[in-house]
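First the structure, in the form of structure tokens, and then the observations on it.
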There are 2 protein chains.
Amino acid sequence: MAGQFERRRQEGDDQDRLTCRDCGFIAYENPKVVVGSVVAVPGAGPGAGPDAVLLCRRAIEPRRGFWTLPAGYLEMHETVEEGARREAWEEARARIETEGVLAVYSIARLGQVQVMFRARLAEPGFEAGPESLEVRAFAWDDIPWDEIAFPTVHWALNAWREGAGFPSPAVLNPPEDLRGIRPLPGHVLAGDAG
Amino acid sequence: MAGQFERRRQEGDDQDRLTCRDCGFIAYENPKVVVGSVVAVPGAGPGAGPDAVLLCRRAIEPRRGFWTLPAGYLEMHETVEEGARREAWEEARARIETEGVLAVYSIARLGQVQVMFRARLAEPGFEAGPESLEVRAFAWDDIPWDEIAFPTVHWALNAWREGAGFPSPAVLNPPEDLRGIRPLPGHVLAGDAG
């Protein structure tokens, strides 16, 4: 696959781009968006504060067997909140309600932006989805810090614990303005820069 | 260009993808990240509050001639803050300091996520870059509301005015942990999901 692509500089561009040798198609590489959440689970864990947090043990590489937050790539035509809810369902079979943005992390070396939410269970219950070996609610003191999959999981858990982030509605789309949220009929390809 | 690509469903996938008829290369379409800022300019504008805001009149389509915030697509291998600073330079020849995330907007129909910063001029002076017809600091009451380019510019200006957002350091990468910020030597392609 992709054998006919090479890195080539276009006139007027300042970077090489993956370009098809045959037809000249340019596969632009853009940063990808990961959406995820720290999901508070009420009442779990002995000796803990009021809320435990949901962690998933990864069933897939990279970092199989290590613990992570329910998170994954945002899909086209969904909002960041919708993506975070979908990932919580796919990985932890949890129905969640997002309460606000907890953090925005950049993983520049990978070309990745992570939008992490503060969230809570919208209905009781969770279990491992297909990409998880197991899903558990950990009291803060029981979090397996030595078996955490990624640095951003550490960061987000600490930000959650410190009460960071802002549940102000102004930081997400205004709820009364649906222009950003409702997809148009059919697919409209990205191309409009703000 | 791209004449040899067609939309095709892969086994096990739930969406059609742009696929090269010859070599099978899949050009995944992912949401794109726009970074921008509301830049406070001290002391400008008669009868205004203490700060005016920087707006750029677009020299390019779409919405040529309308006013927008300095904003544009995040590039590979830069953090969201770096991208916002770069765009402020490119479009408004302004050196800015970001103070925190103001808002995270989803434009689902375009597959776009906008990370907007609260920022201020790091040094005096600004002027039109190549993509702007003119750049001005507007006192709040002088903002040309009928000539604003995009809904998210309205949203971000209102969020800024309402004091939304959070300058808490926890919502961006922890400053003492450089793993997300420093690019590795050479290019590492995205592929690692959090």
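Chain labels run A, B, ... following the order of the structure tokens; each chain numbers its residues from 1, and ligands are numbered from 1 in the order shown.
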Quick one: everything within 8 Å of segment 34-42 of chain B, counting only C-alpha atoms, minus sequence neighbours fewer than 6 positions away in the same chain. Send it as a PyMOL selection string. (chain A and resi 193-194) or (chain B and resi 50-54+69-74+80-81+83-84+87-88+96+98+112-121+137+156-157+160)
Distance query His154 of chain A at most 10 Å, only C-alpha atoms, self and fewer than 5 positions along chain excluded, as a PyMOL selection string: chain A and resi 68-69+145+148-149+159-160
Output the selection as a compact mmCIF listing (two decimals), in the first residue's frame - all heavy atoms for each residue.
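Result written to again05.txt:
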# COMPACT_ATOMS: atom_id res chain seq x y z
N THR A 68 -5.55 3.33 30.82
CA THR A 68 -5.72 4.61 30.14
C THR A 68 -7.12 5.15 30.40
O THR A 68 -7.98 4.45 30.95
CB THR A 68 -5.48 4.45 28.62
OG1 THR A 68 -5.42 5.76 28.01
CG2 THR A 68 -6.60 3.65 27.96
N LEU A 69 -7.34 6.40 30.01
CA LEU A 69 -8.68 6.98 30.06
C LEU A 69 -9.44 6.59 28.80
O LEU A 69 -8.82 6.33 27.77
CB LEU A 69 -8.58 8.51 30.13
CG LEU A 69 -7.90 9.08 31.38
CD1 LEU A 69 -7.59 10.55 31.19
CD2 LEU A 69 -8.78 8.87 32.60
N TRP A 145 -0.44 3.88 39.39
CA TRP A 145 0.37 4.91 38.74
C TRP A 145 1.52 4.34 37.92
O TRP A 145 1.98 4.95 36.96
CB TRP A 145 0.90 5.90 39.78
CG TRP A 145 -0.19 6.69 40.42
CD1 TRP A 145 -0.67 6.55 41.69
CD2 TRP A 145 -0.97 7.73 39.81
NE1 TRP A 145 -1.70 7.43 41.90
CE2 TRP A 145 -1.91 8.17 40.78
CE3 TRP A 145 -0.99 8.33 38.55
CZ2 TRP A 145 -2.84 9.18 40.52
CZ3 TRP A 145 -1.91 9.34 38.29
CH2 TRP A 145 -2.82 9.75 39.28
N ILE A 148 0.30 3.15 34.11
CA ILE A 148 -0.48 4.10 33.30
C ILE A 148 0.12 4.13 31.89
O ILE A 148 1.34 4.17 31.73
CB ILE A 148 -0.45 5.50 33.93
CG1 ILE A 148 -1.18 5.48 35.28
CG2 ILE A 148 -1.05 6.55 33.00
CD1 ILE A 148 -2.65 5.23 35.22
N ALA A 149 -0.74 4.14 30.88
CA ALA A 149 -0.28 3.97 29.51
C ALA A 149 0.48 5.17 28.95
O ALA A 149 1.47 5.01 28.24
CB ALA A 149 -1.47 3.63 28.59
N ALA A 159 -4.92 17.00 36.75
CA ALA A 159 -5.72 18.20 36.51
C ALA A 159 -7.12 18.02 37.10
O ALA A 159 -7.69 18.94 37.71
CB ALA A 159 -5.81 18.49 35.00
N TRP A 160 -7.68 16.83 36.94
CA TRP A 160 -8.99 16.53 37.50
C TRP A 160 -8.96 16.64 39.02
O TRP A 160 -9.81 17.28 39.63
CB TRP A 160 -9.39 15.11 37.08
CG TRP A 160 -10.70 14.64 37.60
CD1 TRP A 160 -11.93 14.87 37.07
CD2 TRP A 160 -10.91 13.84 38.77
NE1 TRP A 160 -12.90 14.26 37.83
CE2 TRP A 160 -12.29 13.62 38.88
CE3 TRP A 160 -10.07 13.29 39.73
CZ2 TRP A 160 -12.86 12.87 39.92
CZ3 TRP A 160 -10.62 12.55 40.78
CH2 TRP A 160 -12.00 12.34 40.85
Go ahead and compute the interatomic distance for atom CA of Ile26 of chain A and atom CA of Glu75 of chain A, in Å to one decimal. 20.8 Å
As a compact mmCIF listing (two decimals) with C-alpha atoms, in the first residue's frame, please: every residue in segment 74-164 of chain B that DSSP puts in alpha helix (DSSP H).
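Okay, this is what ended up in states.txt:
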# COMPACT_ATOMS: atom_id res chain seq x y z
CA VAL B 80 -1.69 24.69 20.01
CA GLU B 81 -0.07 27.70 21.70
CA GLU B 82 2.73 27.78 19.11
CA GLY B 83 0.15 27.62 16.33
CA ALA B 84 -1.85 30.51 17.79
CA ARG B 85 1.32 32.62 18.08
CA ARG B 86 2.34 31.77 14.51
CA GLU B 87 -1.06 32.73 13.12
CA ALA B 88 -1.05 36.04 15.00
CA TRP B 89 2.30 36.80 13.37
CA GLU B 90 1.30 35.63 9.89
CA GLU B 91 -2.03 37.45 9.76
CA ALA B 92 -1.50 40.46 12.02
CA PRO B 151 -19.97 32.58 13.72
CA THR B 152 -17.06 31.39 15.87
CA VAL B 153 -15.61 34.93 15.79
CA HIS B 154 -18.85 36.17 17.38
CA TRP B 155 -18.73 33.34 19.92
CA ALA B 156 -15.10 33.91 20.86
CA LEU B 157 -15.49 37.67 21.20
CA ASN B 158 -18.52 37.20 23.46
CA ALA B 159 -16.72 34.54 25.51
CA TRP B 160 -13.77 36.91 25.90
CA ARG B 161 -16.06 39.76 26.97
Near Gln10 of chain B, within 12 Å and counting only C-alpha atoms, which residues show up once chain neighbours fewer than 2 positions away are dropped, as a VMD selection string? chain B and resid 7 to 8 12 to 19 24 to 26 28
From B:Arg64, B:Arg95, B:Lys32, B:Arg58, residue lying nearest chain A [only C-alpha atoms]: B:Lys32
Can you tell me how far atom CA of Asp146 of chain A sits from atom CA of Trp67 of chain A, in Å to one decimal? 9.4 Å
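Among A:Arg9, A:Arg21, A:Arg136, A:Arg93, the residue with the shortest atom-to-atom distance to chain B, counting only C-alpha atoms, is A:Arg21.
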A:Pro62, A:Leu102, A:Ala128, A:Leu110 ranked by distance to Phe150 of chain A, top pick (using only C-alpha atoms):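 Using only C-alpha atoms, Phe150 of chain A sits closest to A:Pro62.
Between atom CA of His77 of chain B and atom CA of Pro31 of chain A the interatomic distance comes to 7.7 Å.
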When DSSP is applied to the backbone of this structure, which of segment 15-160 of chain B are assigned strand (DSSP E)? Write them out as a PyMOL selection string. chain B and resi 16-20+26-27+32-42+51-58+67-68+71-73+96-107+112-121+132-138
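Nearest-residue note for Pro124 of chain B: choosing from B:Gly43, B:Phe5, B:Asp141, B:Gly163, the minimum distance belongs to B:Gly43, counting only C-alpha atoms.
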